[in-house]
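Here is the file entry_23.json (JSON, C-alpha atoms).
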```json
[["chain", "number", "residue", "atom", "x", "y", "z"],
["A", 11, "MET", "CA", 12.92, 50.34, -58.81],
["A", 12, "ALA", "CA", 12.01, 54.02, -58.53],
["A", 13, "GLY", "CA", 8.44, 54.60, -57.46],
["A", 14, "ARG", "CA", 8.09, 51.27, -55.65],
["A", 15, "ALA", "CA", 7.46, 51.15, -51.92],
["A", 16, "ARG", "CA", 10.24, 49.35, -50.13],
["A", 17, "PRO", "CA", 9.30, 47.38, -47.02],
["A", 18, "VAL", "CA", 11.49, 47.92, -43.98],
["A", 19, "ALA", "CA", 11.57, 45.21, -41.36],
["A", 20, "LYS", "CA", 11.02, 46.39, -37.81],
["A", 21, "PRO", "CA", 12.70, 43.82, -35.57],
["A", 22, "ALA", "CA", 12.72, 43.95, -31.79],
["A", 23, "THR", "CA", 15.38, 46.50, -30.93],
["A", 24, "ASN", "CA", 16.12, 45.93, -27.24],
["A", 25, "GLY", "CA", 17.01, 49.62, -27.14],
["A", 26, "ALA", "CA", 19.37, 49.44, -30.14],
["A", 27, "VAL", "CA", 19.23, 52.09, -32.86],
["A", 28, "LEU", "CA", 18.03, 50.67, -36.18],
["A", 29, "ILE", "CA", 20.19, 51.76, -39.11],
["A", 30, "GLY", "CA", 19.69, 48.98, -41.65],
["A", 31, "GLY", "CA", 16.71, 50.51, -43.45],
["A", 32, "ARG", "CA", 18.57, 53.79, -43.98],
["A", 33, "LEU", "CA", 21.63, 51.98, -45.29],
["A", 34, "ARG", "CA", 19.49, 49.93, -47.70],
["A", 35, "ALA", "CA", 17.64, 53.04, -48.92],
["A", 36, "ALA", "CA", 20.93, 54.88, -49.53],
["A", 37, "ARG", "CA", 22.39, 51.89, -51.38],
["A", 38, "GLN", "CA", 19.32, 51.49, -53.58],
["A", 39, "ALA", "CA", 19.13, 55.24, -54.27],
["A", 40, "ARG", "CA", 22.64, 55.05, -55.74],
["A", 41, "GLY", "CA", 21.74, 51.95, -57.76],
["A", 42, "LEU", "CA", 24.26, 49.76, -55.95],
["A", 43, "THR", "CA", 23.86, 46.02, -55.47],
["A", 44, "LEU", "CA", 24.89, 44.16, -52.33],
["A", 45, "ASP", "CA", 27.75, 42.66, -54.38],
["A", 46, "LYS", "CA", 29.05, 46.13, -55.37],
["A", 47, "VAL", "CA", 28.99, 47.38, -51.77],
["A", 48, "ALA", "CA", 30.69, 44.20, -50.54],
["A", 49, "GLU", "CA", 33.39, 44.51, -53.21],
["A", 50, "ALA", "CA", 34.01, 48.21, -52.48],
["A", 51, "THR", "CA", 34.19, 47.73, -48.70],
["A", 52, "GLY", "CA", 35.96, 44.38, -48.53],
["A", 53, "LEU", "CA", 33.08, 43.01, -46.44],
["A", 54, "THR", "CA", 31.00, 39.99, -47.39],
["A", 55, "LYS", "CA", 27.69, 40.23, -49.20],
["A", 56, "GLY", "CA", 26.08, 38.25, -46.37],
["A", 57, "PHE", "CA", 27.37, 40.73, -43.77],
["A", 58, "ILE", "CA", 26.04, 43.71, -45.75],
["A", 59, "SER", "CA", 22.66, 41.98, -46.12],
["A", 60, "ARG", "CA", 22.47, 41.22, -42.39],
["A", 61, "LEU", "CA", 23.56, 44.80, -41.60],
["A", 62, "GLU", "CA", 20.67, 46.13, -43.70],
["A", 63, "ARG", "CA", 18.30, 43.89, -41.70],
["A", 64, "ASP", "CA", 19.76, 45.10, -38.36],
["A", 65, "GLU", "CA", 20.91, 41.58, -37.53],
["A", 66, "VAL", "CA", 24.56, 42.42, -36.82],
["A", 67, "SER", "CA", 26.45, 45.06, -34.85],
["A", 68, "PRO", "CA", 29.15, 46.44, -37.12],
["A", 69, "SER", "CA", 32.48, 47.83, -36.02],
["A", 70, "VAL", "CA", 32.94, 51.57, -36.42],
["A", 71, "ALA", "CA", 35.41, 50.94, -39.26],
["A", 72, "SER", "CA", 32.91, 48.70, -41.12],
["A", 73, "LEU", "CA", 30.11, 51.21, -40.68],
["A", 74, "VAL", "CA", 32.26, 54.13, -41.88],
["A", 75, "SER", "CA", 33.31, 52.10, -44.91],
["A", 76, "VAL", "CA", 29.72, 51.19, -45.87],
["A", 77, "CYS", "CA", 28.55, 54.80, -45.38],
["A", 78, "GLU", "CA", 31.30, 56.10, -47.67],
["A", 79, "VAL", "CA", 30.32, 53.66, -50.42],
["A", 80, "VAL", "CA", 26.56, 54.35, -50.22],
["A", 81, "GLY", "CA", 27.16, 58.11, -49.99],
["A", 82, "ILE", "CA", 25.77, 59.15, -46.61],
["A", 83, "ARG", "CA", 27.29, 60.68, -43.50],
["A", 84, "ILE", "CA", 27.46, 58.27, -40.57],
["A", 85, "GLY", "CA", 25.55, 60.79, -38.45],
["A", 86, "GLU", "CA", 22.54, 60.55, -40.81],
["A", 87, "LEU", "CA", 21.97, 57.01, -39.58],
["A", 88, "PHE", "CA", 21.18, 58.28, -36.09],
["A", 89, "GLU", "CA", 19.22, 61.47, -36.83],
["A", 90, "SER", "CA", 15.51, 61.55, -36.12],
["A", 91, "PRO", "CA", 13.43, 62.18, -39.25],
["A", 92, "LEU", "CA", 12.25, 65.77, -39.66],
["A", 93, "THR", "CA", 8.47, 65.74, -39.42],
["A", 94, "GLN", "CA", 5.79, 68.35, -38.94],
["A", 95, "LEU", "CA", 2.10, 67.77, -38.37],
["A", 96, "VAL", "CA", -0.53, 70.11, -39.79],
["A", 97, "ARG", "CA", -3.95, 69.27, -38.37],
["A", 98, "ALA", "CA", -7.22, 69.85, -40.20],
["A", 99, "ALA", "CA", -8.07, 73.57, -40.41],
["A", 100, "GLU", "CA", -4.65, 74.54, -38.99],
["A", 101, "GLY", "CA", -2.83, 75.16, -42.28],
["A", 102, "ARG", "CA", -1.42, 78.66, -42.83],
["A", 103, "ARG", "CA", -3.78, 80.80, -44.91],
["A", 104, "ILE", "CA", -2.18, 81.98, -48.14],
["A", 105, "ASN", "CA", -3.29, 83.89, -51.21],
["A", 106, "PHE", "CA", -1.79, 83.39, -54.66],
["A", 107, "GLY", "CA", -4.04, 86.11, -56.06],
["A", 108, "GLY", "CA", -7.09, 84.08, -57.04],
["A", 109, "ARG", "CA", -10.63, 85.39, -56.58],
["A", 110, "ARG", "CA", -13.35, 83.68, -54.54],
["A", 111, "VAL", "CA", -10.91, 81.12, -53.19],
["A", 112, "ARG", "CA", -9.66, 80.15, -49.72],
["A", 113, "GLU", "CA", -6.21, 78.57, -49.76],
["A", 114, "PHE", "CA", -4.29, 76.89, -46.94],
["A", 115, "LEU", "CA", -0.69, 75.70, -47.01],
["A", 116, "LEU", "CA", -0.53, 72.10, -45.75],
["A", 117, "THR", "CA", 3.25, 71.73, -45.83],
["A", 118, "PRO", "CA", 5.60, 73.69, -43.56],
["A", 119, "GLY", "CA", 7.14, 76.85, -44.99],
["A", 120, "THR", "CA", 10.58, 75.33, -44.45],
["A", 121, "GLN", "CA", 9.78, 72.48, -46.87],
["A", 122, "GLY", "CA", 11.62, 73.26, -50.08],
["A", 123, "HIS", "CA", 11.03, 70.07, -52.05],
["A", 124, "LEU", "CA", 7.24, 70.08, -52.08],
["A", 125, "GLN", "CA", 4.40, 72.49, -51.40],
["A", 126, "VAL", "CA", 0.84, 71.23, -50.92],
["A", 127, "ILE", "CA", -2.11, 73.63, -50.92],
["A", 128, "HIS", "CA", -5.75, 72.95, -50.08],
["A", 129, "SER", "CA", -8.09, 75.26, -52.01],
["A", 130, "THR", "CA", -11.82, 75.77, -51.65],
["A", 131, "ILE", "CA", -13.07, 77.61, -54.73],
["A", 132, "GLU", "CA", -16.51, 79.19, -54.68],
["A", 133, "PRO", "CA", -18.73, 79.19, -57.78],
["A", 134, "GLY", "CA", -17.14, 81.56, -60.30],
["A", 135, "GLY", "CA", -13.79, 81.48, -58.46],
["A", 136, "THR", "CA", -10.76, 81.85, -60.67],
["A", 137, "GLY", "CA", -7.00, 82.23, -60.79],
["A", 138, "GLY", "CA", -7.58, 85.25, -63.04],
["A", 139, "LYS", "CA", -8.17, 85.86, -66.74],
["A", 140, "GLU", "CA", -4.48, 86.13, -67.55],
["A", 141, "LEU", "CA", -2.26, 83.08, -67.71],
["A", 142, "TYR", "CA", 0.53, 82.91, -65.12],
["A", 143, "THR", "CA", 3.48, 80.66, -64.28],
["A", 144, "LEU", "CA", 4.94, 79.43, -61.01],
["A", 145, "ASP", "CA", 8.61, 78.91, -60.26],
["A", 146, "CYS", "CA", 8.39, 75.13, -59.91],
["A", 147, "GLU", "CA", 9.12, 72.17, -62.16],
["A", 148, "VAL", "CA", 5.87, 70.25, -61.69],
["A", 149, "GLU", "CA", 2.37, 71.27, -60.72],
["A", 150, "PHE", "CA", -0.23, 68.67, -59.76],
["A", 151, "VAL", "CA", -3.92, 69.24, -59.01],
["A", 152, "TYR", "CA", -6.39, 66.72, -57.57],
["A", 153, "VAL", "CA", -10.10, 67.53, -57.44],
["A", 154, "VAL", "CA", -11.64, 66.38, -54.16],
["A", 155, "ARG", "CA", -15.16, 67.59, -55.05],
["A", 156, "GLY", "CA", -16.82, 69.72, -57.68],
["A", 157, "GLU", "CA", -15.32, 70.66, -61.04],
["A", 158, "LEU", "CA", -12.27, 72.68, -62.01],
["A", 159, "THR", "CA", -11.14, 73.83, -65.43],
["A", 160, "VAL", "CA", -7.39, 74.25, -65.91],
["A", 161, "MET", "CA", -6.56, 76.47, -68.87],
["A", 162, "LEU", "CA", -3.14, 76.18, -70.51],
["A", 163, "ALA", "CA", -1.92, 78.22, -73.49],
["A", 164, "THR", "CA", -2.91, 75.44, -75.90],
["A", 165, "GLU", "CA", -5.76, 73.58, -74.19],
["A", 166, "SER", "CA", -8.37, 73.58, -71.43],
["A", 167, "VAL", "CA", -8.95, 70.53, -69.27],
["A", 168, "LEU", "CA", -12.17, 69.99, -67.29],
["A", 169, "LEU", "CA", -11.55, 67.98, -64.12],
["A", 170, "GLY", "CA", -14.21, 66.35, -61.95],
["A", 171, "ALA", "CA", -14.09, 64.81, -58.48],
["A", 172, "GLY", "CA", -11.35, 62.19, -58.35],
["A", 173, "ASP", "CA", -9.51, 63.53, -61.42],
["A", 174, "ALA", "CA", -5.83, 64.48, -61.25],
["A", 175, "PHE", "CA", -3.82, 66.58, -63.70],
["A", 176, "THR", "CA", -0.05, 67.09, -63.84],
["A", 177, "PHE", "CA", 1.73, 69.73, -65.93],
["A", 178, "PRO", "CA", 4.95, 71.78, -65.93],
["A", 179, "GLY", "CA", 4.76, 74.60, -63.36],
["A", 180, "ARG", "CA", 6.42, 76.99, -65.77],
["A", 181, "GLU", "CA", 3.67, 76.37, -68.33],
["A", 182, "PRO", "CA", 1.42, 79.46, -68.56],
["A", 183, "HIS", "CA", -1.95, 78.55, -67.04],
["A", 184, "THR", "CA", -4.92, 79.62, -64.96],
["A", 185, "TRP", "CA", -7.96, 77.85, -63.53],
["A", 186, "ALA", "CA", -11.64, 78.42, -62.80],
["A", 187, "ASN", "CA", -14.65, 76.89, -61.11],
["A", 188, "GLY", "CA", -17.16, 77.49, -63.89],
["A", 189, "ARG", "CA", -20.07, 76.00, -61.93],
["A", 190, "LYS", "CA", -22.71, 78.48, -60.77],
["A", 191, "ASP", "CA", -24.02, 76.26, -57.97],
["A", 192, "GLU", "CA", -21.17, 74.17, -56.55],
["A", 193, "THR", "CA", -18.02, 74.84, -54.58],
["A", 194, "CYS", "CA", -14.88, 73.10, -55.80],
["A", 195, "GLU", "CA", -12.30, 71.65, -53.45],
["A", 196, "VAL", "CA", -8.82, 70.81, -54.74],
["A", 197, "LEU", "CA", -5.35, 69.84, -53.60],
["A", 198, "TRP", "CA", -2.38, 71.38, -55.40],
["A", 199, "ALA", "CA", 1.14, 69.94, -55.14],
["A", 200, "LEU", "CA", 4.09, 71.99, -56.41],
["A", 201, "ALA", "CA", 7.60, 70.61, -56.68],
["A", 202, "PRO", "CA", 9.96, 72.04, -55.78],
["A", 203, "ALA", "CA", 8.18, 74.58, -53.62],
["A", 204, "PRO", "CA", 8.08, 77.96, -55.41]]
```

Entire entry expressed as structure tokens:
Amino acid sequence: MAGRARPVAKPATNGAVLIGGRLRAARQARGLTLDKVAEATGLTKGFISRLERDEVSPSVASLVSVCEVVGIRIGELFESPLTQLVRAAEGRRINFGGRRVREFLLTPGTQGHLQVIHSTIEPGGTGGKELYTLDCEVEFVYVVRGELTVMLATESVLLGAGDAFTFPGREPHTWANGRKDETCEVLWALAPAP
């Protein structure tokens, strides 16, 4: 089920805090079925299902029991999600050492799981002649417009607008906009953030 979007019902709340979607997500992340949670908590499968749809008000004891089984703190159910908005042209300017490139960080500096960078690479722009590595597991590049060549130790890959390329971040590499007449615009995603 990994990689699939999971719909979350949004019933009328009448001021109540919705916790069902978070409980369902925690259960599914641990690979638990409704039957397994019911068995471990002593509650019925129907009650657990209704709890995940925010159709029942559980007792504190029931809620603590379900949270223990699905592996989350009870307080996590009531925390607001941590979000941060970065508007167009407001990303923090960064420089990884490339030439003829403008780079902006689109994710907050406090984000440790993922780093997204928007790069505008002028004709002839490059990450340098020498191959380098980044301290991340996965590096992903998506070409918004123009062309970008990604050079690895064993191969070079030419990417055009709409192309995406994923490779290990610790793989020695560099990149270049070999076009003489066109700027290249790309999005880089690095996970975890280096």

Which polymer residues have any atom within 12 Å of an atom of A:Leu92, counting all atoms listed in the file, with same-chain residues fewer than 6 positions away left out, as an MDAnalysis selection string? chainID A and resid 86 118 120:121

Which is closer to A:Arg63 than all the others in A:Val80, A:Leu87, A:Leu28, A:Val96, using all atoms listed in the file?
->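 The shortest atom-to-atom distance to A:Arg63 comes from A:Leu28.
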
Atom pair atom CA of A:Ala39 + atom CA of A:Gly122, distance 20.0 Å

Spatial neighbours of A:Val154, max dist 10 Å, all atoms listed in the file, sep filter under 5 positions, as a list in words = His128, Ser129, Thr130, Gly170, Ala171, Gly172, Asp173, Ala174, Cys194, Glu195, Val196 and Leu197 of chain A

Grab the residues selected above and save them as a short mmCIF file (atom, residue, chain, number, x, y, z; two decimals), in the coordinates of the input with C-alpha atoms.
```
data_model
loop_
_atom_site.label_atom_id
_atom_site.label_comp_id
_atom_site.auth_asym_id
_atom_site.auth_seq_id
_atom_site.Cartn_x
_atom_site.Cartn_y
_atom_site.Cartn_z
CA HIS A 128 -5.75 72.95 -50.08
CA SER A 129 -8.09 75.26 -52.01
CA THR A 130 -11.82 75.77 -51.65
CA GLY A 170 -14.21 66.35 -61.95
CA ALA A 171 -14.09 64.81 -58.48
CA GLY A 172 -11.35 62.19 -58.35
CA ASP A 173 -9.51 63.53 -61.42
CA ALA A 174 -5.83 64.48 -61.25
CA CYS A 194 -14.88 73.10 -55.80
CA GLU A 195 -12.30 71.65 -53.45
CA VAL A 196 -8.82 70.81 -54.74
CA LEU A 197 -5.35 69.84 -53.60
#
```

Shortest interatomic distance to A:Gln94 - which of A:Leu44, A:Ala71, A:Leu116, A:Ile131, counting only C-alpha atoms
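For A:Gln94, the nearest of the candidates is A:Leu116.
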
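Of note, atom CA of A:Gly31 and atom CA of A:Leu73 are spaced 13.7 Å apart.
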
message = So the first atom is atom CA of A:Leu158 and the second is atom CA of A:Ala203; what is the distance between them in Å, to one decimal place?
response =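 About the pair atom CA of A:Leu158 and atom CA of A:Ala203: they are 22.2 Å apart.
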
>> Let me make sure I understand: among A:Ala98, A:Val148, A:Leu141, A:Val153, which one has the smallest atom-to-atom distance to A:Ser166 if we use only C-alpha atoms?
In response: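 Residue with the minimum atom-to-atom distance to A:Ser166: A:Leu141.
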
From the list A:Arg155, A:Arg180, A:Arg102, A:Arg32, the nearest residue to A:Ile82 using all atoms listed in the file is A:Arg32

Within 9 Å of A:Gly107 using all atoms listed in the file, minus same-chain residues under 4 positions, as a VMD selection string: chain A and resid 111 137 to 138

N, CA and C atoms are needed for stretch 75-91 of chain A; please write them out as a PDB file, in the coordinates of the input.
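Saved to selection.pdb:
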```
ATOM      1  N   SER A  75      33.029  52.569 -43.557  1.00  0.00           N
ATOM      2  CA  SER A  75      33.310  52.100 -44.910  1.00  0.00           C
ATOM      3  C   SER A  75      32.032  51.962 -45.739  1.00  0.00           C
ATOM      4  N   VAL A  76      30.992  51.358 -45.168  1.00  0.00           N
ATOM      5  CA  VAL A  76      29.720  51.190 -45.870  1.00  0.00           C
ATOM      6  C   VAL A  76      29.100  52.557 -46.159  1.00  0.00           C
ATOM      7  N   CYS A  77      29.121  53.456 -45.181  1.00  0.00           N
ATOM      8  CA  CYS A  77      28.550  54.800 -45.380  1.00  0.00           C
ATOM      9  C   CYS A  77      29.250  55.536 -46.514  1.00  0.00           C
ATOM     10  N   GLU A  78      30.563  55.438 -46.589  1.00  0.00           N
ATOM     11  CA  GLU A  78      31.300  56.100 -47.670  1.00  0.00           C
ATOM     12  C   GLU A  78      30.866  55.574 -49.031  1.00  0.00           C
ATOM     13  N   VAL A  79      30.687  54.264 -49.135  1.00  0.00           N
ATOM     14  CA  VAL A  79      30.320  53.660 -50.420  1.00  0.00           C
ATOM     15  C   VAL A  79      28.896  54.038 -50.827  1.00  0.00           C
ATOM     16  N   VAL A  80      27.959  54.054 -49.873  1.00  0.00           N
ATOM     17  CA  VAL A  80      26.560  54.350 -50.220  1.00  0.00           C
ATOM     18  C   VAL A  80      26.271  55.854 -50.219  1.00  0.00           C
ATOM     19  N   GLY A  81      27.266  56.667 -49.830  1.00  0.00           N
ATOM     20  CA  GLY A  81      27.160  58.110 -49.990  1.00  0.00           C
ATOM     21  C   GLY A  81      26.361  58.851 -48.931  1.00  0.00           C
ATOM     22  N   ILE A  82      26.424  58.401 -47.682  1.00  0.00           N
ATOM     23  CA  ILE A  82      25.770  59.150 -46.610  1.00  0.00           C
ATOM     24  C   ILE A  82      26.749  59.377 -45.467  1.00  0.00           C
ATOM     25  N   ARG A  83      26.484  60.425 -44.698  1.00  0.00           N
ATOM     26  CA  ARG A  83      27.290  60.680 -43.500  1.00  0.00           C
ATOM     27  C   ARG A  83      26.867  59.688 -42.424  1.00  0.00           C
ATOM     28  N   ILE A  84      27.781  59.235 -41.625  1.00  0.00           N
ATOM     29  CA  ILE A  84      27.460  58.270 -40.570  1.00  0.00           C
ATOM     30  C   ILE A  84      26.434  58.844 -39.596  1.00  0.00           C
ATOM     31  N   GLY A  85      26.487  60.154 -39.367  1.00  0.00           N
ATOM     32  CA  GLY A  85      25.550  60.790 -38.450  1.00  0.00           C
ATOM     33  C   GLY A  85      24.104  60.718 -38.935  1.00  0.00           C
ATOM     34  N   GLU A  86      23.895  60.645 -40.274  1.00  0.00           N
ATOM     35  CA  GLU A  86      22.540  60.550 -40.810  1.00  0.00           C
ATOM     36  C   GLU A  86      21.821  59.297 -40.343  1.00  0.00           C
ATOM     37  N   LEU A  87      22.587  58.269 -40.022  1.00  0.00           N
ATOM     38  CA  LEU A  87      21.970  57.010 -39.580  1.00  0.00           C
ATOM     39  C   LEU A  87      21.278  57.155 -38.229  1.00  0.00           C
ATOM     40  N   PHE A  88      21.677  58.150 -37.465  1.00  0.00           N
ATOM     41  CA  PHE A  88      21.180  58.280 -36.090  1.00  0.00           C
ATOM     42  C   PHE A  88      20.298  59.495 -35.883  1.00  0.00           C
ATOM     43  N   GLU A  89      20.077  60.280 -36.948  1.00  0.00           N
ATOM     44  CA  GLU A  89      19.220  61.470 -36.830  1.00  0.00           C
ATOM     45  C   GLU A  89      17.757  61.075 -36.858  1.00  0.00           C
ATOM     46  N   SER A  90      16.962  61.760 -36.061  1.00  0.00           N
ATOM     47  CA  SER A  90      15.510  61.550 -36.120  1.00  0.00           C
ATOM     48  C   SER A  90      14.985  62.182 -37.401  1.00  0.00           C
ATOM     49  N   PRO A  91      13.976  61.568 -38.031  1.00  0.00           N
ATOM     50  CA  PRO A  91      13.430  62.180 -39.250  1.00  0.00           C
ATOM     51  C   PRO A  91      12.760  63.507 -38.916  1.00  0.00           C
TER      52      PRO A  91
END
```
